[in-house]
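Here is the file protein12.cif (mmCIF, C-alpha atoms and all ligand atoms).
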```
data_run
loop_
_atom_site.label_atom_id
_atom_site.label_comp_id
_atom_site.auth_asym_id
_atom_site.auth_seq_id
_atom_site.Cartn_x
_atom_site.Cartn_y
_atom_site.Cartn_z
CA MET A 1433 -37.09 30.37 -29.33
CA THR A 1434 -36.33 31.80 -25.92
CA ALA A 1435 -32.81 32.54 -24.85
CA VAL A 1436 -32.85 29.61 -22.42
CA ALA A 1437 -34.05 27.18 -25.06
CA ALA A 1438 -31.40 28.39 -27.48
CA LEU A 1439 -28.70 27.94 -24.87
CA ARG A 1440 -29.99 24.44 -24.17
CA ALA A 1441 -29.85 23.57 -27.84
CA VAL A 1442 -26.26 24.79 -28.09
CA CYS A 1443 -25.26 22.84 -24.98
CA THR A 1444 -26.83 19.67 -26.31
CA LEU A 1445 -24.96 20.07 -29.55
CA MET A 1446 -21.68 20.58 -27.73
CA VAL A 1447 -22.23 17.50 -25.58
CA MET A 1448 -22.96 15.48 -28.71
CA VAL A 1449 -19.74 16.64 -30.34
CA ALA A 1450 -17.78 15.72 -27.24
CA LEU A 1451 -19.42 12.32 -26.97
CA CYS A 1452 -18.81 11.54 -30.61
CA GLY A 1453 -15.14 12.24 -30.06
CA MET A 1454 -14.77 13.70 -33.50
CA ASP A 1455 -12.80 16.67 -32.32
CA ARG A 1456 -9.67 15.52 -30.54
CA SER A 1457 -8.67 19.12 -29.92
CA ALA A 1458 -11.38 19.11 -27.26
CA VAL A 1459 -8.70 18.01 -24.89
CA ALA A 1460 -4.99 18.48 -24.57
CA ALA A 1461 -2.91 15.95 -22.69
CA ASP A 1462 0.18 17.39 -21.12
CA ALA A 1463 2.05 17.53 -17.86
CA SER A 1464 1.61 21.18 -16.98
CA PRO A 1465 -1.59 23.21 -17.10
CA PRO A 1466 -1.95 26.32 -19.26
CA LYS A 1467 -1.45 29.60 -17.36
CA GLY A 1468 -4.29 30.71 -15.14
CA VAL A 1469 -6.24 27.48 -15.55
CA LYS A 1470 -7.69 25.85 -12.49
CA VAL A 1471 -6.24 22.42 -11.74
CA TYR A 1472 -8.40 19.58 -10.44
CA GLN A 1473 -6.86 16.52 -8.82
CA VAL A 1474 -7.91 12.91 -9.14
CA ASP A 1475 -6.06 10.49 -6.89
CA ILE A 1476 -5.58 6.89 -7.91
CA ARG A 1477 -5.59 4.98 -4.67
CA ASN A 1478 -6.44 1.41 -3.71
CA PHE A 1479 -7.34 0.54 -7.29
CA ALA A 1480 -9.91 3.32 -7.61
CA PHE A 1481 -10.17 6.86 -8.91
CA ALA A 1482 -11.01 9.43 -6.23
CA PRO A 1483 -13.26 11.18 -6.81
CA LYS A 1484 -14.84 8.62 -9.10
CA ALA A 1485 -16.92 11.32 -10.81
CA LEU A 1486 -15.60 14.86 -11.08
CA THR A 1487 -17.48 17.84 -12.48
CA VAL A 1488 -15.31 20.66 -13.78
CA PRO A 1489 -15.87 23.84 -15.78
CA GLN A 1490 -14.92 24.02 -19.43
CA GLY A 1491 -11.19 24.58 -19.84
CA ALA A 1492 -10.24 22.90 -16.58
CA HIS A 1493 -7.02 20.93 -16.22
CA VAL A 1494 -7.38 17.56 -14.54
CA VAL A 1495 -4.35 15.85 -13.05
CA TRP A 1496 -4.36 12.19 -12.06
CA THR A 1497 -1.72 11.07 -9.57
CA ASN A 1498 -1.01 7.43 -8.80
CA ARG A 1499 -0.82 6.86 -5.03
CA ASP A 1500 -0.70 3.07 -5.35
CA GLU A 1501 2.32 0.80 -5.38
CA GLU A 1502 0.85 -0.71 -8.51
CA PRO A 1503 1.05 1.00 -11.93
CA HIS A 1504 -2.10 2.33 -13.56
CA VAL A 1505 -2.93 3.70 -17.00
CA VAL A 1506 -5.54 6.46 -17.53
CA THR A 1507 -7.39 5.53 -20.73
CA SER A 1508 -10.36 7.33 -22.30
CA ALA A 1509 -13.31 5.11 -23.22
CA GLY A 1510 -13.84 5.83 -26.90
CA SER A 1511 -10.45 7.57 -27.17
CA LEU A 1512 -11.80 11.06 -26.48
CA PHE A 1513 -8.41 11.99 -25.04
CA ALA A 1514 -4.93 10.52 -25.23
CA SER A 1515 -4.04 7.71 -22.84
CA SER A 1516 -1.38 8.18 -20.23
CA LYS A 1517 1.71 6.03 -20.23
CA ALA A 1518 2.01 3.55 -17.39
CA LEU A 1519 1.91 5.67 -14.25
CA ASP A 1520 4.22 4.32 -11.62
CA THR A 1521 3.92 5.31 -7.97
CA SER A 1522 3.69 9.13 -7.64
CA ASP A 1523 3.57 9.67 -11.41
CA SER A 1524 1.04 12.22 -12.67
CA TYR A 1525 -0.82 12.78 -15.90
CA GLY A 1526 -2.72 15.91 -16.88
CA VAL A 1527 -5.43 16.63 -19.44
CA THR A 1528 -7.03 19.98 -20.29
CA PHE A 1529 -10.73 19.69 -21.10
CA SER A 1530 -11.74 22.50 -23.40
CA LYS A 1531 -15.11 21.17 -24.50
CA PRO A 1532 -18.13 20.24 -22.42
CA GLY A 1533 -19.10 16.60 -22.27
CA THR A 1534 -18.98 13.44 -20.25
CA TYR A 1535 -15.62 11.75 -20.44
CA THR A 1536 -15.58 8.20 -19.13
CA TYR A 1537 -12.16 6.73 -18.54
CA TYR A 1538 -10.69 3.55 -17.08
CA CYS A 1539 -7.39 1.92 -16.27
CA SER A 1540 -6.37 -0.18 -19.25
CA ILE A 1541 -4.58 -2.74 -17.07
CA HIS A 1542 -7.26 -2.81 -14.34
CA PRO A 1543 -10.38 -2.12 -16.41
CA MET A 1544 -12.68 -2.48 -13.42
CA MET A 1545 -11.31 0.92 -12.39
CA VAL A 1546 -13.67 3.41 -14.04
CA GLY A 1547 -14.07 7.16 -13.54
CA THR A 1548 -15.89 10.06 -15.17
CA ILE A 1549 -15.00 13.68 -15.84
CA ILE A 1550 -18.04 15.84 -16.52
CA VAL A 1551 -17.08 19.09 -18.22
CA GLN A 1552 -19.72 21.82 -18.03
CA MET B 14 -17.70 -28.01 -6.72
CA GLN B 15 -14.77 -27.51 -4.37
CA ASP B 16 -12.60 -24.55 -3.69
CA ILE B 17 -9.06 -24.95 -2.51
CA HIS B 18 -7.16 -21.93 -1.34
CA ASP B 19 -3.69 -20.88 -0.42
CA HIS B 20 -5.10 -18.90 2.41
CA PRO B 21 -7.88 -19.74 4.78
CA ALA B 22 -10.31 -17.20 6.07
CA GLY B 23 -8.51 -17.53 9.40
CA GLY B 24 -6.14 -15.20 11.16
CA ARG B 25 -3.35 -13.15 9.73
CA ARG B 26 -0.73 -15.38 11.32
CA GLN B 27 -2.01 -18.39 9.51
CA PHE B 28 -2.17 -16.40 6.33
CA LEU B 29 1.49 -15.42 6.60
CA LYS B 30 2.42 -19.00 7.27
CA CYS B 31 0.90 -19.91 3.97
CA MET B 32 2.91 -17.55 1.87
CA ALA B 33 5.28 -19.88 0.16
CA TRP B 34 4.91 -17.84 -2.92
CA ALA B 35 8.25 -16.46 -3.94
CA GLY B 36 10.82 -18.46 -5.81
CA ALA B 37 8.20 -21.12 -6.28
CA GLY B 38 6.90 -22.84 -9.36
CA THR B 39 4.69 -25.79 -9.97
CA LEU B 40 5.78 -29.09 -11.47
CA TRP B 41 3.01 -30.71 -13.46
CA LEU B 42 3.16 -34.48 -13.94
CA MET B 43 1.07 -36.21 -16.55
CA LYS B 44 0.03 -39.70 -15.45
CA SER B 45 -2.44 -41.70 -17.47
CA GLY B 46 -3.95 -38.56 -18.89
CA VAL B 47 -4.51 -36.89 -15.54
CA LEU B 48 -2.45 -33.92 -14.46
CA HIS B 49 -0.88 -33.98 -11.01
CA ALA B 50 0.68 -30.93 -9.40
CA GLN B 51 3.62 -30.68 -7.07
CA PRO B 52 5.53 -27.78 -5.62
CA LEU B 53 8.94 -27.31 -7.15
CA GLY B 54 11.93 -28.38 -5.12
CA ALA B 55 9.97 -30.74 -2.94
CA GLY B 56 11.92 -33.93 -3.62
CA THR B 57 9.78 -35.00 -6.50
CA SER B 58 12.03 -37.53 -8.18
CA GLY B 59 10.18 -40.56 -6.77
CA THR B 60 6.72 -39.47 -7.82
CA ALA B 61 7.95 -38.24 -11.17
CA LYS B 62 8.99 -41.75 -12.22
CA ASP B 63 5.60 -42.99 -13.38
CA ALA B 64 4.64 -39.75 -15.06
CA SER B 65 4.54 -39.79 -18.85
CA PHE B 66 6.01 -36.29 -18.86
CA SER B 67 6.07 -33.19 -16.78
CA PHE B 68 6.19 -29.48 -17.27
CA VAL B 69 6.64 -26.49 -15.03
CA GLN B 70 4.46 -23.43 -14.64
CA ILE B 71 5.91 -20.14 -13.48
CA SER B 72 4.04 -16.85 -13.43
CA ASP B 73 4.04 -13.16 -12.69
CA SER B 74 7.77 -12.50 -12.60
CA HIS B 75 7.06 -8.71 -12.82
CA ILE B 76 10.59 -7.81 -13.87
CA GLY B 77 10.98 -4.09 -13.13
CA PHE B 78 9.08 -4.17 -9.83
CA HIS B 79 11.36 -2.90 -7.08
CA LYS B 80 9.40 -2.11 -3.98
CA ALA B 81 8.33 -3.79 -0.77
CA PRO B 82 8.11 -6.67 -0.28
CA ASN B 83 10.60 -7.65 -3.00
CA MET B 84 13.38 -5.33 -4.04
CA ASP B 85 14.98 -7.96 -6.29
CA VAL B 86 12.45 -9.81 -8.41
CA ALA B 87 15.21 -10.97 -10.76
CA ALA B 88 16.81 -12.89 -7.90
CA THR B 89 13.59 -14.67 -6.93
CA LEU B 90 12.93 -15.60 -10.55
CA ARG B 91 16.48 -16.92 -10.79
CA GLN B 92 15.79 -19.09 -7.73
CA SER B 93 12.63 -20.45 -9.32
CA LEU B 94 14.47 -21.33 -12.49
CA ALA B 95 17.21 -23.05 -10.50
CA LEU B 96 14.54 -25.27 -8.93
CA ILE B 97 13.45 -26.32 -12.40
CA ASN B 98 16.92 -27.54 -13.20
CA ALA B 99 17.11 -29.36 -9.89
CA GLN B 100 14.30 -31.72 -10.92
CA GLY B 101 15.26 -35.39 -11.17
CA SER B 102 13.75 -35.77 -14.60
CA ARG B 103 13.79 -32.88 -16.98
CA PRO B 104 10.43 -31.16 -17.53
CA ALA B 105 9.35 -31.21 -21.17
CA PHE B 106 8.92 -27.44 -21.17
CA VAL B 107 8.12 -24.39 -19.07
CA LEU B 108 4.93 -22.32 -19.21
CA HIS B 109 5.12 -18.69 -18.16
CA THR B 110 1.55 -17.52 -17.58
CA GLY B 111 2.15 -13.82 -17.98
CA ASP B 112 3.22 -10.56 -16.38
CA LEU B 113 6.78 -11.28 -17.38
CA THR B 114 7.42 -7.57 -16.81
CA HIS B 115 5.96 -4.88 -14.60
CA LEU B 116 5.67 -2.02 -17.12
CA SER B 117 6.25 -3.56 -20.59
CA LYS B 118 9.58 -1.72 -20.89
CA PRO B 119 12.10 -3.07 -23.42
CA GLU B 120 14.79 -3.27 -20.75
CA GLU B 121 12.45 -5.33 -18.58
CA PHE B 122 11.85 -7.75 -21.44
CA ASP B 123 15.63 -7.85 -21.97
CA THR B 124 16.21 -8.80 -18.35
CA LEU B 125 13.56 -11.52 -18.49
CA SER B 126 15.03 -12.98 -21.68
CA GLY B 127 18.51 -12.93 -20.18
CA LEU B 128 17.38 -14.72 -17.02
CA MET B 129 15.55 -17.40 -19.00
CA GLN B 130 18.55 -17.98 -21.27
CA GLU B 131 21.03 -18.02 -18.44
CA ALA B 132 18.98 -20.65 -16.57
CA HIS B 133 18.94 -23.07 -19.54
CA VAL B 134 15.45 -24.27 -18.69
CA GLY B 135 14.76 -25.20 -22.29
CA ARG B 136 11.63 -24.66 -24.34
CA THR B 137 9.38 -22.04 -22.79
CA PHE B 138 5.87 -21.03 -23.84
CA TYR B 139 4.56 -17.62 -22.87
CA VAL B 140 1.24 -15.82 -22.74
CA PRO B 141 1.12 -12.10 -21.91
CA GLY B 142 -0.27 -10.51 -18.79
CA GLU B 143 -1.83 -7.04 -18.78
CA HIS B 144 1.51 -5.68 -17.55
CA ASP B 145 3.19 -6.93 -20.74
CA VAL B 146 0.97 -5.07 -23.20
CA ILE B 147 1.00 -1.50 -21.87
CA GLY B 148 1.09 1.19 -24.54
CA ASP B 149 1.59 -1.06 -27.58
CA ASN B 150 -1.12 -3.74 -27.33
CA GLY B 151 1.61 -6.31 -26.79
CA ALA B 152 3.64 -5.65 -29.95
CA GLU B 153 6.95 -5.93 -28.11
CA PHE B 154 5.82 -8.99 -26.17
CA PHE B 155 4.67 -10.83 -29.29
CA ARG B 156 7.79 -9.85 -31.22
CA ARG B 157 9.97 -11.44 -28.57
CA PHE B 158 7.87 -14.24 -27.09
CA GLY B 159 5.03 -14.90 -29.51
CA GLU B 160 4.42 -18.31 -31.07
CA ARG B 161 3.29 -16.73 -34.35
CA GLN B 162 0.59 -19.30 -35.10
CA GLN B 163 -2.31 -16.87 -35.27
CA ALA B 164 -2.48 -13.13 -35.86
CA GLY B 165 -4.06 -12.65 -32.44
CA GLY B 166 -1.18 -14.43 -30.68
CA TRP B 167 -3.08 -17.45 -29.33
CA TYR B 168 -1.79 -20.93 -30.13
CA SER B 169 -1.98 -24.63 -29.45
CA PHE B 170 0.40 -27.57 -29.50
CA ASP B 171 0.52 -31.23 -28.56
CA GLN B 172 2.80 -33.01 -26.15
CA GLY B 173 2.60 -36.69 -25.21
CA GLY B 174 -1.01 -37.03 -26.29
CA VAL B 175 -2.07 -33.92 -24.40
CA HIS B 176 -3.44 -30.89 -26.24
CA PHE B 177 -2.21 -27.54 -24.92
CA VAL B 178 -3.91 -24.24 -25.71
CA GLY B 179 -2.42 -20.80 -24.94
CA LEU B 180 -5.06 -18.05 -24.81
CA ILE B 181 -4.73 -14.26 -24.65
CA ASN B 182 -7.19 -12.48 -22.37
CA VAL B 183 -5.46 -9.19 -21.59
CA LEU B 184 -6.13 -7.21 -24.78
CA ASN B 185 -9.04 -5.02 -25.91
CA LEU B 186 -10.26 -4.68 -22.35
CA ARG B 187 -13.47 -2.76 -21.89
CA ALA B 188 -14.07 -0.05 -19.28
CA GLY B 189 -15.62 -1.70 -16.25
CA GLY B 190 -14.91 -5.15 -17.66
CA LEU B 191 -12.64 -8.08 -16.86
CA GLY B 192 -10.26 -10.05 -19.04
CA SER B 193 -11.45 -10.66 -22.58
CA LEU B 194 -10.97 -13.40 -25.16
CA GLY B 195 -12.98 -11.86 -27.98
CA VAL B 196 -15.05 -13.40 -30.76
CA ASP B 197 -12.11 -14.13 -33.08
CA GLN B 198 -10.23 -16.09 -30.45
CA LEU B 199 -13.36 -17.95 -29.35
CA ALA B 200 -14.08 -18.96 -32.94
CA TRP B 201 -10.52 -20.18 -33.33
CA LEU B 202 -10.71 -22.13 -30.07
CA LYS B 203 -13.92 -23.84 -31.06
CA ASN B 204 -12.36 -24.86 -34.34
CA ASP B 205 -9.05 -25.89 -32.76
CA LEU B 206 -10.84 -28.32 -30.42
CA ALA B 207 -13.37 -29.56 -32.97
CA GLY B 208 -11.35 -32.49 -34.28
CA LEU B 209 -10.26 -33.82 -30.90
CA SER B 210 -11.75 -36.86 -29.27
CA PRO B 211 -13.29 -36.25 -25.82
CA ASP B 212 -10.67 -38.44 -24.16
CA THR B 213 -7.85 -36.12 -25.23
CA PRO B 214 -6.52 -34.47 -22.07
CA LEU B 215 -6.59 -30.68 -22.42
CA VAL B 216 -4.47 -28.05 -20.75
CA VAL B 217 -5.67 -24.50 -21.35
CA PHE B 218 -3.58 -21.61 -20.05
CA ALA B 219 -4.00 -17.83 -19.99
CA HIS B 220 -2.94 -15.02 -17.69
CA MET B 221 -6.19 -13.90 -16.08
CA PRO B 222 -8.41 -16.47 -14.39
CA LEU B 223 -10.85 -18.09 -16.80
CA TRP B 224 -13.52 -18.24 -14.15
CA PRO B 225 -15.15 -15.49 -12.06
CA LEU B 226 -12.76 -15.81 -9.15
CA TYR B 227 -13.23 -12.30 -7.74
CA PRO B 228 -14.64 -9.98 -10.38
CA SER B 229 -14.65 -6.82 -8.29
CA TRP B 230 -10.85 -7.01 -8.26
CA GLY B 231 -10.77 -7.84 -11.95
CA TRP B 232 -10.08 -11.52 -11.29
CA GLY B 233 -12.01 -13.10 -14.10
CA THR B 234 -12.63 -13.05 -17.85
CA ASP B 235 -15.83 -11.59 -19.32
CA ASP B 236 -16.40 -14.22 -22.00
CA SER B 237 -14.81 -17.24 -20.31
CA ALA B 238 -18.17 -19.05 -20.02
CA GLU B 239 -18.29 -19.35 -23.80
CA ALA B 240 -14.77 -20.84 -23.88
CA LEU B 241 -15.62 -23.26 -21.09
CA SER B 242 -18.67 -24.46 -23.00
CA TYR B 243 -16.27 -25.84 -25.64
CA LEU B 244 -14.25 -27.66 -22.97
CA ARG B 245 -17.00 -29.49 -21.14
CA ARG B 246 -17.20 -32.46 -23.51
CA PHE B 247 -13.63 -33.41 -22.63
CA GLY B 248 -12.91 -35.86 -19.86
CA SER B 249 -9.84 -34.15 -18.41
CA VAL B 250 -9.37 -30.41 -18.60
CA SER B 251 -6.85 -28.34 -16.64
CA VAL B 252 -7.06 -24.56 -16.78
CA LEU B 253 -3.89 -22.81 -15.62
CA ASN B 254 -3.80 -19.09 -14.87
CA GLY B 255 -1.65 -16.51 -13.09
CA HIS B 256 -2.54 -12.89 -12.31
CA ILE B 257 -3.59 -13.19 -8.68
CA HIS B 258 -0.21 -14.16 -7.18
CA GLN B 259 -1.54 -16.99 -5.06
CA ILE B 260 -2.92 -20.46 -5.43
CA GLN B 261 -6.62 -20.82 -5.89
CA GLN B 262 -8.14 -23.99 -7.20
CA LYS B 263 -11.60 -25.02 -8.16
CA VAL B 264 -12.94 -28.29 -9.51
CA GLU B 265 -16.03 -28.07 -11.65
CA GLY B 266 -17.04 -31.34 -13.27
CA THR B 267 -14.15 -32.49 -15.43
CA ILE B 268 -12.51 -29.05 -15.40
CA THR B 269 -9.92 -28.13 -12.79
CA PHE B 270 -9.01 -24.46 -12.51
CA TYR B 271 -5.70 -23.51 -11.01
CA THR B 272 -3.94 -20.18 -10.41
CA ALA B 273 -0.21 -20.03 -9.75
CA ARG B 274 1.89 -18.05 -7.36
CA SER B 275 4.05 -15.19 -8.49
CA THR B 276 7.82 -15.49 -8.50
CA ALA B 277 7.89 -11.82 -7.43
CA TYR B 278 5.42 -10.86 -4.70
CA PRO B 279 2.16 -11.99 -3.11
CA GLN B 280 -1.23 -10.37 -3.34
CA PRO B 281 -3.94 -10.58 -0.69
CA PRO B 282 -6.64 -13.23 -0.73
CA PRO B 283 -9.81 -12.19 -2.55
CA GLY B 284 -11.52 -9.29 -0.81
CA VAL B 285 -8.98 -8.97 2.01
CA GLY B 286 -7.92 -5.33 2.19
CA PRO B 287 -8.66 -2.44 -0.15
CA GLY B 288 -7.30 -3.87 -3.37
CA PRO B 289 -5.14 -6.46 -5.12
CA GLY B 290 -1.77 -4.68 -4.76
CA PRO B 291 1.49 -6.17 -3.49
CA LEU B 292 1.42 -7.34 0.11
CA GLN B 293 3.95 -4.85 1.37
CA SER B 294 3.86 -5.93 4.97
CA VAL B 295 6.03 -8.97 4.29
CA THR B 296 9.55 -8.21 5.47
CA ALA B 297 12.64 -9.18 3.49
CA ASP B 298 13.69 -11.84 5.97
CA ALA B 299 10.18 -13.27 6.03
CA LEU B 300 10.25 -13.38 2.25
CA HIS B 301 13.25 -15.68 2.28
CA ARG B 302 12.04 -17.70 5.21
CA TYR B 303 8.98 -18.65 3.22
CA LEU B 304 10.82 -19.51 0.04
CA GLY B 305 10.00 -22.95 -1.17
CA ILE B 306 7.91 -23.96 1.81
CA ARG B 307 5.62 -26.79 1.01
CA ASP B 308 2.54 -28.20 2.69
CA VAL B 309 0.86 -24.88 3.02
CA ARG B 310 -2.35 -25.54 1.21
CA HIS B 311 -5.52 -25.60 3.11
CA VAL B 312 -8.26 -27.83 1.79
CA ARG B 313 -11.89 -27.09 2.31
CA GLY B 314 -14.25 -29.99 1.89
CA VAL B 315 -13.60 -33.68 2.28
CA ASP B 316 -13.07 -34.74 -1.32
CA ALA B 317 -11.39 -31.62 -2.60
CA LEU B 318 -8.61 -33.60 -4.19
CA ALA B 319 -10.77 -36.03 -6.07
CA VAL B 320 -9.48 -34.89 -9.44
CA THR B 321 -5.96 -33.72 -8.84
CA ASP B 322 -4.93 -35.96 -6.03
CA GLU B 323 -1.59 -34.53 -5.10
CA VAL B 324 -1.22 -31.59 -2.85
CA LEU B 325 -0.47 -28.27 -4.45
CA SER B 326 1.61 -26.15 -2.21
CU CU A 1601 -4.81 0.16 -12.81
#
```

Go ahead and render the structure in this file as structure tokens.
Ligand SMILES: [Cu+2]
Amino acid sequence: MTAVAALRAVCTLMVMVALCGMDRSAVAADASPPKGVKVYQVDIRNFAFAPKALTVPQGAHVVWTNRDEEPHVVTSAGSLFASSKALDTSDSYGVTFSKPGTYTYYCSIHPMMVGTIIVQ
Amino acid sequence: MQDIHDHPAGGRRQFLKCMAWAGAGTLWLMKSGVLHAQPLGAGTSGTAKDASFSFVQISDSHIGFHKAPNMDVAATLRQSLALINAQGSRPAFVLHTGDLTHLSKPEEFDTLSGLMQEAHVGRTFYVPGEHDVIGDNGAEFFRRFGERQQAGGWYSFDQGGVHFVGLINVLNLRAGGLGSLGVDQLAWLKNDLAGLSPDTPLVVFAHMPLWPLYPSWGWGTDDSAEALSYLRRFGSVSVLNGHIHQIQQKVEGTITFYTARSTAYPQPPPGVGPGPGPLQSVTADALHRYLGIRDVRHVRGVDALAVTDEVLS
């Protein structure tokens, strides 16, 4: 097995673990990011997540901020990370993604609002 | 098939003229098995006389909302409830078609309960909106306002020979989806209707529209077609919804679909603007100027009122 193939195998395994959602410690939901961690912003505006798909490195902290006059709730499809409470205007919610994977999420009260965080 | 709308595709001015949304409710009159709708507070005593009974629908009170264009949603709900009591003949009951609160907070539910009690409007049936089930899947809502007939919260009852069904379509929503009834509720519905003769008038109510009104804004219910398939054998079916804060009506065979205004704030017509949020551009004085205005419905098509032959406003 070459080094590249081995790396690929490991990555695939990690993605599978993340997708299965068996390890909830893959993410930490909190308001403030751990020290020295890069923060990525997702705006919730006009009933949509912007950007709709966001690719971040492993360990990144993603913060959603509601810019609408309407409340929204960030909810992980398949419960891979904890849901936010109802975010009123200007409220924020942060999640640290410590494991690679594709995390689809939606707004539980406006489920047509769907976004994706891809952790590499 | 006919569509009747609060708001025409015309100019903004005409649209604003049509916004008789706040403080409004709808009085439903049952005459010979056919439901007739009237705006509340429109001098209805004469037409109410030959109705076998009436009831009132209110919707989307959003207690807890405090932004433009309505800083006092409790006051506009109070005005709606006062109109109910001003009716010449007392409505049999009130239906609240959901979004009682804005954020499902206990204090918001408290305020709503207090306003309903204080208004003495009598028996009230509720179904939850998506704003009433945030964080707890509706536990608090059902504890306070549930009918406790079925574990899932849905229910039915009879009044004056009419069968009423309250459905829940705001729980277990799927990413990218619309409202949802779910297999358990559909099975119950099928069974609930099974023993009824086709000439039994039906009134089915739920928060989100039970037809694909504007799916890209979430205005619809994923599995509503299945529910409607159980309703088609009946001669008179009225489907009452809230959620979109404006009147939309559609007649499809023997089924008439109707969405109610909010008592709190208007939302834009389908597809107008970036999303279905509150119409903030309405000023406070405009809000009150348009309270209780009638005769604002615009009818498209010549026989749009063939089934419900009184003007909704
Ligand atoms: Cu939302």

Task: All residues 8 Å or closer to His1504 (chain A), all atoms listed in the file, same chain fewer than 4 positions away omitted, as a list of chain:residue names - done: A:Asn1498, A:Ala1518, A:Leu1519, A:Asp1520, A:Cys1539, A:Ser1540, A:Ile1541, A:His1542

Export of prior selection with C-alpha atoms as an mmCIF file, keeping the file's coordinate frame:
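Result file follows (again02.cif):
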```cif
data_model
loop_
_atom_site.group_PDB
_atom_site.id
_atom_site.type_symbol
_atom_site.label_atom_id
_atom_site.label_comp_id
_atom_site.auth_asym_id
_atom_site.auth_seq_id
_atom_site.Cartn_x
_atom_site.Cartn_y
_atom_site.Cartn_z
ATOM 1 C CA ASN A 1498 -1.010 7.430 -8.800
ATOM 2 C CA ALA A 1518 2.010 3.550 -17.390
ATOM 3 C CA LEU A 1519 1.910 5.670 -14.250
ATOM 4 C CA ASP A 1520 4.220 4.320 -11.620
ATOM 5 C CA CYS A 1539 -7.390 1.920 -16.270
ATOM 6 C CA SER A 1540 -6.370 -0.180 -19.250
ATOM 7 C CA ILE A 1541 -4.580 -2.740 -17.070
ATOM 8 C CA HIS A 1542 -7.260 -2.810 -14.340
#
```

Mind checking which residues fall within 7 Å of Val1471 (chain A), counting only C-alpha atoms, ignoring those fewer than 5 positions away in the same chain, and posting them as a PDB file with C-alpha atoms, in the coordinates of the input?
```
ATOM      1  CA  ALA A1492     -10.240  22.900 -16.580  1.00  0.00           C
ATOM      2  CA  HIS A1493      -7.020  20.930 -16.220  1.00  0.00           C
ATOM      3  CA  VAL A1494      -7.380  17.560 -14.540  1.00  0.00           C
ATOM      4  CA  VAL A1495      -4.350  15.850 -13.050  1.00  0.00           C
TER       5      VAL A1495
END
```

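We find CA of Thr267 (chain B) and CA of Gly166 (chain B) to be spaced 27.0 Å apart.
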
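Take CA of Ile71 (chain B) and CA of His109 (chain B): the distance between them is 5.0 Å.
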
Task: Atomic separation - CA of Val178 (chain B) relative to CA of Thr213 (chain B), Å - done: 12.5 Å
